[in-house]
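> Quick one: structure below, then a few questions.
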Amino acid sequence: MLKVLFAASELTPIAKVGGLGDVAGALPKALRNLGVDIRIVIPQYRAISTPSKLPGSQVPVYYAKPGKYFDRDLIYGYPDDVERFTYFNKAVLELAKAEQFEPDIIHLNDYHTSLIPTLLKTRYASDPFFAQTRTLLTIHNLVNQGVADQDVLQTVGLNGSSTPNLGWDTRDGDVDLLLQGISEADLVVAVSPTYAKEILTPEYGAGLEGKLAERHGDLFGILNGIDTDSYNPATDPNIEVRYSLANLERRASNKHSLVQDLGFSNPEYPVMGMVSRLVEQKGLDLISEITKDLGKLPINMIFLGVGDKKYEQALSQAAQSYSNIKVRLKFDEAQARKIYAGSDFFLVPSRFEPSGLTQMIAMRYGSIPLVRKTGGLADTVFDNETGLVFEGYRSSQLLGVVQRAVQLFGDPKEVKRLQINGMKRDFSWSRSAQDYVNLYQRALKMPRKKL
Ligand code: ADP
């Protein structure tokens, strides 16, 4: 039986900030169903529940001791974040030993666990416990690289001269943890085929395109799935009325109660939702540019999210000026699901999008996504088939696609066609999980790389 240790900084439903948490909470379940002995390790943040199994599954979860780095209220957002997660890399390896779980593969996720391959090749190089262990790094987002003064390496007993890559990386005094993972992991996976190609270009590579190109032969794209048990309109306890393709007419009650709850004055308008971190990556700069135009369109907009103050303010201001724009500045899982179930359209105008989950959840719930053609959005939403797509990252194009949605709404047959197409798509993890198993097997056949 293949033994995999899945190391991450987030885990839905225990500690979620965004898509990484959702992946950590769903992919291991699918891998276990394929016969993989997979176990998850996350930090024990303050005030999280610590079940020994991932809820709704038999997947064991281990917790790195809270200590000074994790006994805190938030998952991210501290000045010493990079130091905290540098430490986490060592904690993961020590926990594997304490639990006597000798992994064939350590599955790393983002910068928070990217130093593990370096540790395996240095401090743990002669440790028989990890003699067979190979590593696979999944990149969920290339923008957060974990860059800090190289002094953080002391947390795990490394320094700038510990490896040639660290030496190269710390020429400017800073270490880049994600760069270390990209350079030293046995295999590297981006979370969609399109993003795997995009990150080789300067536009999307965030300065790491050169390093990624060096690993070209070991770089793959595997599309994320969603947890289709949890995101299921037929069973979701958070929504007003449950429904499926077999009784789609029931869905209307969810729109009705969403419109009532939010207090829209024109209930006959289409509802367009957005559930997102409010940051530039997600297209908030474009949205800010067109709030005046949105305010005049026959469409009800609801934005749910937290993020950069300037975008929170811009949206709040728009909501004050226009009665068809509502904003809820909070992280609220139940409200998010009410929006997926009650909206006619769902907006994802990202500048870049490694995979994106919200467009898949929206389609699962019968809300038609409006997306920009990039990354995982390009791999999951097809224009005039399952959604509406625009290409150029320009506010005029965004406004154009919203106007198309307003027009489409006048043709209920067409709305239904796109809606049904989306709901019929399979966004479960089963296929992508098998792709990961294939890569695990591939990694195991690779000769162990030395420094
Ligand atoms: P990212 O990981 O870049 O933030 P994804 O699309 O991969 O984006 O995943 C976002 C996840 O976080 C989805 O499950 C989405 O529903 C959820 N989410 C984002 N913002 C909020 C919010 N304010 N309240 C509830 N859920 C949210």
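Ligands are numbered from 1 in the order shown, chains are lettered A, B, ... in the order of the structure tokens, and residues start at 1 in each chain.
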When you look at segment 74-78 of chain A with a cut-off of 8 Å (counting only C-alpha atoms), what residues show up, excluding the ones that are within fewer than 5 positions of it in the same chain? I need them as a list of chain:residue names.
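Counting only C-alpha atoms, the residues come to A:Ser9, A:Glu10, A:Ala15, A:Val17, A:Tyr45, A:Arg46.
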> Do a neighbour search on segment 283-294 of chain A at 6 Å with only C-alpha atoms, toss out local chain neighbours closer than 6 positions, and write the hits as a ChimeraX atom specification.
/A:349-351,395
> Next, the residues of the selection above should be written as a short mmCIF file (atom, residue, chain, number, x, y, z; two decimals), in the first residue's frame with all heavy atoms.

data_model
loop_
_atom_site.label_atom_id
_atom_site.label_comp_id
_atom_site.auth_asym_id
_atom_site.auth_seq_id
_atom_site.Cartn_x
_atom_site.Cartn_y
_atom_site.Cartn_z
N PRO A 349 -13.67 37.00 -12.45
CA PRO A 349 -12.91 37.69 -13.50
C PRO A 349 -11.42 37.78 -13.21
O PRO A 349 -10.82 38.83 -13.36
CB PRO A 349 -13.54 39.09 -13.48
CG PRO A 349 -13.92 39.30 -12.04
CD PRO A 349 -14.18 37.93 -11.43
N SER A 350 -10.80 36.67 -12.82
CA SER A 350 -9.43 36.71 -12.28
C SER A 350 -8.37 37.17 -13.27
O SER A 350 -8.42 36.86 -14.46
CB SER A 350 -9.05 35.32 -11.78
OG SER A 350 -9.99 34.84 -10.87
N ARG A 351 -7.38 37.87 -12.73
CA ARG A 351 -6.18 38.21 -13.51
C ARG A 351 -5.40 36.92 -13.79
O ARG A 351 -4.96 36.67 -14.89
CB ARG A 351 -5.32 39.18 -12.73
CG ARG A 351 -4.02 39.55 -13.42
CD ARG A 351 -3.17 40.44 -12.53
NE ARG A 351 -3.67 41.80 -12.45
CZ ARG A 351 -3.40 42.76 -13.34
NH1 ARG A 351 -2.64 42.50 -14.38
NH2 ARG A 351 -3.89 43.96 -13.18
N SER A 395 -11.45 46.17 -18.16
CA SER A 395 -12.77 46.38 -17.55
C SER A 395 -13.86 46.44 -18.62
O SER A 395 -14.99 46.01 -18.38
CB SER A 395 -12.78 47.64 -16.69
OG SER A 395 -12.34 48.74 -17.44
#
> Residues near Gly225 of chain A, anyone? I mean within 8 Å using only C-alpha atoms, not counting same-chain ones fewer than 4 positions away, as a list in words.
Val23, Leu27, Leu357, Phe427, Ser428, Trp429 and Ser432 of chain A
> Skip Val415 of chain A itself and residues of its chain fewer than 6 positions away, then list as a PyMOL selection string all residues within 12 Å of it, counting only C-alpha atoms.
chain A and resi 270+344-345+366-369+384-388+404-409+421-422
> Just the selected residues (N, CA, C and O atoms), exported as a PDB file, in the first residue's frame, please.

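Generated file (part.pdb):
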ATOM      1  N   PRO A 270     -31.855  39.473 -12.699  1.00  0.00           N
ATOM      2  CA  PRO A 270     -30.983  38.336 -12.415  1.00  0.00           C
ATOM      3  C   PRO A 270     -30.064  38.662 -11.235  1.00  0.00           C
ATOM      4  O   PRO A 270     -29.719  39.823 -11.030  1.00  0.00           O
ATOM      5  N   ASP A 344     -28.193  33.552 -10.211  1.00  0.00           N
ATOM      6  CA  ASP A 344     -28.335  33.094 -11.594  1.00  0.00           C
ATOM      7  C   ASP A 344     -26.964  33.010 -12.261  1.00  0.00           C
ATOM      8  O   ASP A 344     -26.712  32.129 -13.087  1.00  0.00           O
ATOM      9  N   PHE A 345     -26.097  33.955 -11.892  1.00  0.00           N
ATOM     10  CA  PHE A 345     -24.760  34.033 -12.485  1.00  0.00           C
ATOM     11  C   PHE A 345     -23.728  34.168 -11.380  1.00  0.00           C
ATOM     12  O   PHE A 345     -24.042  34.605 -10.267  1.00  0.00           O
ATOM     13  N   GLY A 366     -25.724  25.122 -10.184  1.00  0.00           N
ATOM     14  CA  GLY A 366     -26.604  25.660 -11.227  1.00  0.00           C
ATOM     15  C   GLY A 366     -26.532  27.161 -11.406  1.00  0.00           C
ATOM     16  O   GLY A 366     -27.455  27.763 -11.974  1.00  0.00           O
ATOM     17  N   SER A 367     -25.448  27.781 -10.937  1.00  0.00           N
ATOM     18  CA  SER A 367     -25.245  29.209 -11.196  1.00  0.00           C
ATOM     19  C   SER A 367     -24.248  29.320 -12.347  1.00  0.00           C
ATOM     20  O   SER A 367     -23.204  28.670 -12.325  1.00  0.00           O
ATOM     21  N   ILE A 368     -24.579  30.130 -13.338  1.00  0.00           N
ATOM     22  CA  ILE A 368     -23.765  30.161 -14.566  1.00  0.00           C
ATOM     23  C   ILE A 368     -22.545  31.068 -14.369  1.00  0.00           C
ATOM     24  O   ILE A 368     -22.699  32.250 -14.065  1.00  0.00           O
ATOM     25  N   PRO A 369     -21.331  30.518 -14.524  1.00  0.00           N
ATOM     26  CA  PRO A 369     -20.144  31.331 -14.265  1.00  0.00           C
ATOM     27  C   PRO A 369     -19.784  32.273 -15.409  1.00  0.00           C
ATOM     28  O   PRO A 369     -19.903  31.913 -16.588  1.00  0.00           O
ATOM     29  N   ASN A 384     -20.548  29.879 -23.828  1.00  0.00           N
ATOM     30  CA  ASN A 384     -21.825  29.531 -24.421  1.00  0.00           C
ATOM     31  C   ASN A 384     -22.179  28.051 -24.285  1.00  0.00           C
ATOM     32  O   ASN A 384     -23.137  27.573 -24.883  1.00  0.00           O
ATOM     33  N   GLU A 385     -21.392  27.309 -23.522  1.00  0.00           N
ATOM     34  CA  GLU A 385     -21.707  25.902 -23.235  1.00  0.00           C
ATOM     35  C   GLU A 385     -22.028  25.751 -21.747  1.00  0.00           C
ATOM     36  O   GLU A 385     -23.087  25.253 -21.383  1.00  0.00           O
ATOM     37  N   THR A 386     -21.061  26.164 -20.917  1.00  0.00           N
ATOM     38  CA  THR A 386     -21.286  26.070 -19.469  1.00  0.00           C
ATOM     39  C   THR A 386     -21.189  27.432 -18.793  1.00  0.00           C
ATOM     40  O   THR A 386     -21.374  27.535 -17.589  1.00  0.00           O
ATOM     41  N   GLY A 387     -20.835  28.459 -19.554  1.00  0.00           N
ATOM     42  CA  GLY A 387     -20.709  29.774 -18.947  1.00  0.00           C
ATOM     43  C   GLY A 387     -20.457  30.830 -19.999  1.00  0.00           C
ATOM     44  O   GLY A 387     -20.613  30.576 -21.198  1.00  0.00           O
ATOM     45  N   LEU A 388     -20.065  32.015 -19.543  1.00  0.00           N
ATOM     46  CA  LEU A 388     -19.698  33.090 -20.460  1.00  0.00           C
ATOM     47  C   LEU A 388     -18.244  33.451 -20.162  1.00  0.00           C
ATOM     48  O   LEU A 388     -17.857  33.582 -18.994  1.00  0.00           O
ATOM     49  N   ARG A 404     -23.680  40.648 -21.544  1.00  0.00           N
ATOM     50  CA  ARG A 404     -24.130  39.411 -22.207  1.00  0.00           C
ATOM     51  C   ARG A 404     -25.020  38.583 -21.268  1.00  0.00           C
ATOM     52  O   ARG A 404     -25.991  37.966 -21.694  1.00  0.00           O
ATOM     53  N   ALA A 405     -24.643  38.572 -19.985  1.00  0.00           N
ATOM     54  CA  ALA A 405     -25.426  37.799 -19.007  1.00  0.00           C
ATOM     55  C   ALA A 405     -26.828  38.390 -18.876  1.00  0.00           C
ATOM     56  O   ALA A 405     -27.823  37.647 -18.823  1.00  0.00           O
ATOM     57  N   VAL A 406     -26.890  39.717 -18.834  1.00  0.00           N
ATOM     58  CA  VAL A 406     -28.195  40.377 -18.717  1.00  0.00           C
ATOM     59  C   VAL A 406     -29.065  39.996 -19.912  1.00  0.00           C
ATOM     60  O   VAL A 406     -30.253  39.671 -19.772  1.00  0.00           O
ATOM     61  N   GLN A 407     -28.440  39.986 -21.085  1.00  0.00           N
ATOM     62  CA  GLN A 407     -29.172  39.623 -22.296  1.00  0.00           C
ATOM     63  C   GLN A 407     -29.633  38.166 -22.273  1.00  0.00           C
ATOM     64  O   GLN A 407     -30.775  37.842 -22.567  1.00  0.00           O
ATOM     65  N   LEU A 408     -28.696  37.317 -21.863  1.00  0.00           N
ATOM     66  CA  LEU A 408     -29.004  35.881 -21.795  1.00  0.00           C
ATOM     67  C   LEU A 408     -30.190  35.623 -20.871  1.00  0.00           C
ATOM     68  O   LEU A 408     -31.026  34.761 -21.133  1.00  0.00           O
ATOM     69  N   PHE A 409     -30.273  36.406 -19.803  1.00  0.00           N
ATOM     70  CA  PHE A 409     -31.329  36.204 -18.815  1.00  0.00           C
ATOM     71  C   PHE A 409     -32.713  36.373 -19.434  1.00  0.00           C
ATOM     72  O   PHE A 409     -33.697  35.803 -18.957  1.00  0.00           O
ATOM     73  N   ASN A 421     -26.011  22.110 -18.516  1.00  0.00           N
ATOM     74  CA  ASN A 421     -24.674  21.670 -18.958  1.00  0.00           C
ATOM     75  C   ASN A 421     -23.676  21.715 -17.812  1.00  0.00           C
ATOM     76  O   ASN A 421     -22.877  20.794 -17.627  1.00  0.00           O
ATOM     77  N   GLY A 422     -23.726  22.803 -17.046  1.00  0.00           N
ATOM     78  CA  GLY A 422     -22.796  22.964 -15.918  1.00  0.00           C
ATOM     79  C   GLY A 422     -23.046  21.935 -14.829  1.00  0.00           C
ATOM     80  O   GLY A 422     -22.119  21.335 -14.298  1.00  0.00           O
TER      81      GLY A 422
END
> Go through chain A residue by residue and, counting only C-alpha atoms and all ligand atoms, keep those with an atom at most 6 Å from ligand 1; for each kept residue give the shortest atom pair and its distance in Å to one decimal, ordered by chain and increasing number, as JSON lines.

{"residue": "A:Gly18", "atom": "CA", "partner": "ligand 1", "partner_atom_place_in_ligand_line": "12 (O)", "distance": 3.8}
{"residue": "A:Gly19", "atom": "CA", "partner": "ligand 1", "partner_atom_place_in_ligand_line": "2 (O)", "distance": 3.2}
{"residue": "A:Leu20", "atom": "CA", "partner": "ligand 1", "partner_atom_place_in_ligand_line": "2 (O)", "distance": 5.6}
{"residue": "A:Val275", "atom": "CA", "partner": "ligand 1", "partner_atom_place_in_ligand_line": "20 (N)", "distance": 5.0}
{"residue": "A:Ser276", "atom": "CA", "partner": "ligand 1", "partner_atom_place_in_ligand_line": "20 (N)", "distance": 3.9}
{"residue": "A:Arg277", "atom": "CA", "partner": "ligand 1", "partner_atom_place_in_ligand_line": "20 (N)", "distance": 5.0}
{"residue": "A:Leu304", "atom": "CA", "partner": "ligand 1", "partner_atom_place_in_ligand_line": "23 (N)", "distance": 5.0}
{"residue": "A:Gly305", "atom": "CA", "partner": "ligand 1", "partner_atom_place_in_ligand_line": "23 (N)", "distance": 3.4}
{"residue": "A:Val306", "atom": "CA", "partner": "ligand 1", "partner_atom_place_in_ligand_line": "23 (N)", "distance": 5.6}
{"residue": "A:Lys330", "atom": "CA", "partner": "ligand 1", "partner_atom_place_in_ligand_line": "23 (N)", "distance": 5.2}
{"residue": "A:Phe331", "atom": "CA", "partner": "ligand 1", "partner_atom_place_in_ligand_line": "24 (N)", "distance": 3.5}
{"residue": "A:Asp332", "atom": "CA", "partner": "ligand 1", "partner_atom_place_in_ligand_line": "24 (N)", "distance": 4.0}
{"residue": "A:Glu333", "atom": "CA", "partner": "ligand 1", "partner_atom_place_in_ligand_line": "25 (C)", "distance": 4.1}
{"residue": "A:Ala336", "atom": "CA", "partner": "ligand 1", "partner_atom_place_in_ligand_line": "25 (C)", "distance": 4.9}
{"residue": "A:Gly356", "atom": "CA", "partner": "ligand 1", "partner_atom_place_in_ligand_line": "6 (O)", "distance": 3.7}
{"residue": "A:Leu357", "atom": "CA", "partner": "ligand 1", "partner_atom_place_in_ligand_line": "6 (O)", "distance": 3.8}
{"residue": "A:Thr358", "atom": "CA", "partner": "ligand 1", "partner_atom_place_in_ligand_line": "6 (O)", "distance": 4.5}
> Show which residues sit within 9 Å of Glu102 of chain A, as a list in words. Count only C-alpha atoms, and ignore same-chain residues fewer than 4 positions away.
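In the requested format, the answer is Lys3, Val4, Leu5, Ala96, Lys97, Phe129, Phe130, Gln132 and Thr133 of chain A.
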> Leaving out Leu245 of chain A and any residue of its chain fewer than 2 positions from it, which residues lie within 8 Å of it when counting only C-alpha atoms, given as a list in words?
Tyr243, Asn247, Leu248, Ile420 and Met423 of chain A
> Measuring between only C-alpha atoms, which one of A:Val92, A:Leu179, A:Ala30, A:Ala334 shows the shortest distance to Pro43 of chain A?
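So, comparing all the options, the nearest one is A:Val92.
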> Check the DSSP output for the backbone and give back, as a ChimeraX atom specification, the residues of segment 100-277 of chain A in alpha helix (DSSP H).
/A:116-121,164-169,177-184,193-198,202-205,209-214,252-262
> What's the 12 Å shell around Asn300 of chain A, counting only C-alpha atoms, without same-chain residues fewer than 3 positions away, as a PyMOL selection string?
chain A and resi 255+258-260+262-274+294-297+303+319+322-327+339+342-346+402+405-406
> Residues of segment 109-352 of chain A classed as strand (DSSP E or B) by DSSP on the backbone are to be reported as a VMD selection string.
chain A and resid 109 134 to 139 147 to 149 174 to 176 187 to 190 219 to 221 271 to 275 278 300 to 304 307 325 to 328 345 to 348
> Kindly save the residues from that selection, with N, CA, C and O atoms included, as a compact mmCIF listing (two decimals), in the first residue's frame.

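Saved as again_13.txt:
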# COMPACT_ATOMS: atom_id res chain seq x y z
N ASN A 109 2.54 21.17 -0.20
CA ASN A 109 1.59 22.12 -0.76
C ASN A 109 2.05 23.55 -0.50
O ASN A 109 2.10 23.99 0.65
N ARG A 134 10.12 9.98 -1.36
CA ARG A 134 10.20 10.93 -2.46
C ARG A 134 9.21 12.07 -2.19
O ARG A 134 8.30 11.92 -1.36
N THR A 135 9.38 13.17 -2.90
CA THR A 135 8.51 14.33 -2.63
C THR A 135 7.83 14.83 -3.90
O THR A 135 8.38 14.77 -5.00
N LEU A 136 6.61 15.28 -3.71
CA LEU A 136 5.84 15.90 -4.81
C LEU A 136 5.28 17.21 -4.26
O LEU A 136 4.66 17.23 -3.19
N LEU A 137 5.55 18.29 -4.99
CA LEU A 137 5.07 19.61 -4.56
C LEU A 137 3.92 20.06 -5.43
O LEU A 137 4.06 20.14 -6.65
N THR A 138 2.77 20.36 -4.82
CA THR A 138 1.68 20.98 -5.57
C THR A 138 1.72 22.49 -5.36
O THR A 138 1.76 22.96 -4.22
N ILE A 139 1.73 23.21 -6.48
CA ILE A 139 1.69 24.67 -6.42
C ILE A 139 0.25 25.12 -6.59
O ILE A 139 -0.34 24.96 -7.65
N VAL A 147 9.05 34.49 1.10
CA VAL A 147 10.36 35.15 1.00
C VAL A 147 10.64 35.89 2.31
O VAL A 147 9.79 36.61 2.82
N ALA A 148 11.83 35.66 2.86
CA ALA A 148 12.21 36.36 4.09
C ALA A 148 13.72 36.35 4.22
O ALA A 148 14.41 35.63 3.49
N ASP A 149 14.21 37.12 5.18
CA ASP A 149 15.65 37.13 5.45
C ASP A 149 16.12 35.70 5.71
O ASP A 149 15.45 34.92 6.41
N ASP A 174 17.98 37.07 1.04
CA ASP A 174 16.65 36.49 1.31
C ASP A 174 16.56 35.05 0.82
O ASP A 174 17.17 34.69 -0.19
N VAL A 175 15.76 34.27 1.52
CA VAL A 175 15.45 32.93 1.03
C VAL A 175 14.04 32.93 0.47
O VAL A 175 13.17 33.68 0.94
N ASP A 176 13.79 32.13 -0.56
CA ASP A 176 12.48 32.00 -1.20
C ASP A 176 12.09 30.52 -1.06
O ASP A 176 12.62 29.67 -1.76
N LEU A 187 8.93 15.82 -7.95
CA LEU A 187 7.98 16.22 -9.00
C LEU A 187 7.25 17.49 -8.56
O LEU A 187 7.07 17.73 -7.35
N VAL A 188 6.83 18.26 -9.54
CA VAL A 188 6.12 19.51 -9.26
C VAL A 188 4.80 19.50 -10.05
O VAL A 188 4.78 19.15 -11.23
N VAL A 189 3.72 19.85 -9.37
CA VAL A 189 2.40 19.84 -10.01
C VAL A 189 1.75 21.21 -9.85
O VAL A 189 1.73 21.76 -8.75
N ALA A 190 1.23 21.75 -10.94
CA ALA A 190 0.40 22.95 -10.85
C ALA A 190 -1.05 22.50 -10.92
O ALA A 190 -1.35 21.45 -11.50
N LEU A 219 7.42 18.77 -14.42
CA LEU A 219 6.31 19.66 -14.07
C LEU A 219 5.02 19.20 -14.77
O LEU A 219 5.01 19.01 -15.99
N PHE A 220 3.96 19.03 -14.00
CA PHE A 220 2.69 18.53 -14.56
C PHE A 220 1.55 19.46 -14.15
O PHE A 220 1.69 20.24 -13.21
N GLY A 221 0.44 19.35 -14.85
CA GLY A 221 -0.76 20.10 -14.48
C GLY A 221 -1.88 19.12 -14.18
O GLY A 221 -2.22 18.30 -15.04
N VAL A 271 -29.70 37.64 -10.48
CA VAL A 271 -28.77 37.83 -9.36
C VAL A 271 -27.39 37.32 -9.79
O VAL A 271 -27.27 36.20 -10.29
N MET A 272 -26.38 38.16 -9.59
CA MET A 272 -25.02 37.72 -9.89
C MET A 272 -24.21 37.73 -8.60
O MET A 272 -24.15 38.75 -7.90
N GLY A 273 -23.61 36.61 -8.27
CA GLY A 273 -22.85 36.49 -7.02
C GLY A 273 -21.36 36.46 -7.26
O GLY A 273 -20.89 36.14 -8.35
N MET A 274 -20.63 36.80 -6.22
CA MET A 274 -19.18 36.60 -6.23
C MET A 274 -18.76 36.27 -4.81
O MET A 274 -19.13 36.99 -3.86
N VAL A 275 -18.04 35.18 -4.64
CA VAL A 275 -17.54 34.76 -3.33
C VAL A 275 -16.04 34.64 -3.48
O VAL A 275 -15.56 33.77 -4.22
N LEU A 278 -10.93 39.39 -1.65
CA LEU A 278 -11.04 40.66 -2.38
C LEU A 278 -9.63 41.21 -2.63
O LEU A 278 -9.15 42.09 -1.92
N ASN A 300 -28.87 42.33 -10.06
CA ASN A 300 -28.59 42.43 -8.63
C ASN A 300 -27.26 41.75 -8.35
O ASN A 300 -27.07 40.58 -8.70
N MET A 301 -26.36 42.48 -7.69
CA MET A 301 -25.03 41.93 -7.44
C MET A 301 -24.80 41.72 -5.94
O MET A 301 -25.09 42.60 -5.15
N ILE A 302 -24.27 40.56 -5.58
CA ILE A 302 -23.88 40.35 -4.18
C ILE A 302 -22.41 39.89 -4.12
O ILE A 302 -22.04 38.91 -4.75
N PHE A 303 -21.62 40.66 -3.40
CA PHE A 303 -20.21 40.32 -3.20
C PHE A 303 -20.02 39.84 -1.77
O PHE A 303 -20.37 40.55 -0.82
N LEU A 304 -19.46 38.65 -1.60
CA LEU A 304 -19.12 38.14 -0.26
C LEU A 304 -17.62 37.91 -0.22
O LEU A 304 -17.07 37.14 -1.01
N GLY A 307 -10.66 41.03 2.25
CA GLY A 307 -9.40 41.18 1.53
C GLY A 307 -8.81 42.55 1.72
O GLY A 307 -8.89 43.12 2.82
N ILE A 325 -26.47 46.81 -5.65
CA ILE A 325 -25.17 46.21 -5.29
C ILE A 325 -25.14 46.02 -3.77
O ILE A 325 -25.35 46.96 -3.01
N LYS A 326 -24.92 44.78 -3.35
CA LYS A 326 -24.83 44.48 -1.91
C LYS A 326 -23.46 43.86 -1.63
O LYS A 326 -22.93 43.12 -2.46
N VAL A 327 -22.96 44.14 -0.44
CA VAL A 327 -21.64 43.65 -0.07
C VAL A 327 -21.68 43.08 1.34
O VAL A 327 -22.28 43.68 2.24
N ARG A 328 -21.10 41.92 1.53
CA ARG A 328 -20.93 41.37 2.88
C ARG A 328 -19.45 41.10 3.07
O ARG A 328 -18.89 40.20 2.44
N PHE A 345 -26.10 33.96 -11.89
CA PHE A 345 -24.76 34.03 -12.48
C PHE A 345 -23.73 34.17 -11.38
O PHE A 345 -24.04 34.61 -10.27
N PHE A 346 -22.48 33.82 -11.72
CA PHE A 346 -21.42 33.86 -10.72
C PHE A 346 -20.16 34.41 -11.37
O PHE A 346 -19.73 33.94 -12.43
N LEU A 347 -19.58 35.41 -10.72
CA LEU A 347 -18.50 36.16 -11.36
C LEU A 347 -17.11 35.72 -10.87
O LEU A 347 -16.84 35.66 -9.68
N VAL A 348 -16.23 35.38 -11.83
CA VAL A 348 -14.83 35.06 -11.50
C VAL A 348 -13.90 35.69 -12.55
O VAL A 348 -13.38 35.00 -13.43
> So, with only C-alpha atoms as the atoms that count, which of A:Tyr204, A:Pro298, A:Pro447, A:Ser230 lies closest to Thr12 of chain A?
A:Ser230
> Given the choices A:Ala64, A:Leu54, A:Tyr111, A:Ala234, which gets closest to Ala98 of chain A if the distance is worked out from only C-alpha atoms?
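When distances to Ala98 of chain A are compared using only C-alpha atoms, the smallest one comes from A:Ala64.
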> In Å, rounded to a single decimal, give me how far atom CA of Asp227 of chain A is from atom CA of Lys338 of chain A.
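Straight-line distance from atom CA of Lys338 of chain A to atom CA of Asp227 of chain A works out to 16.9 Å.
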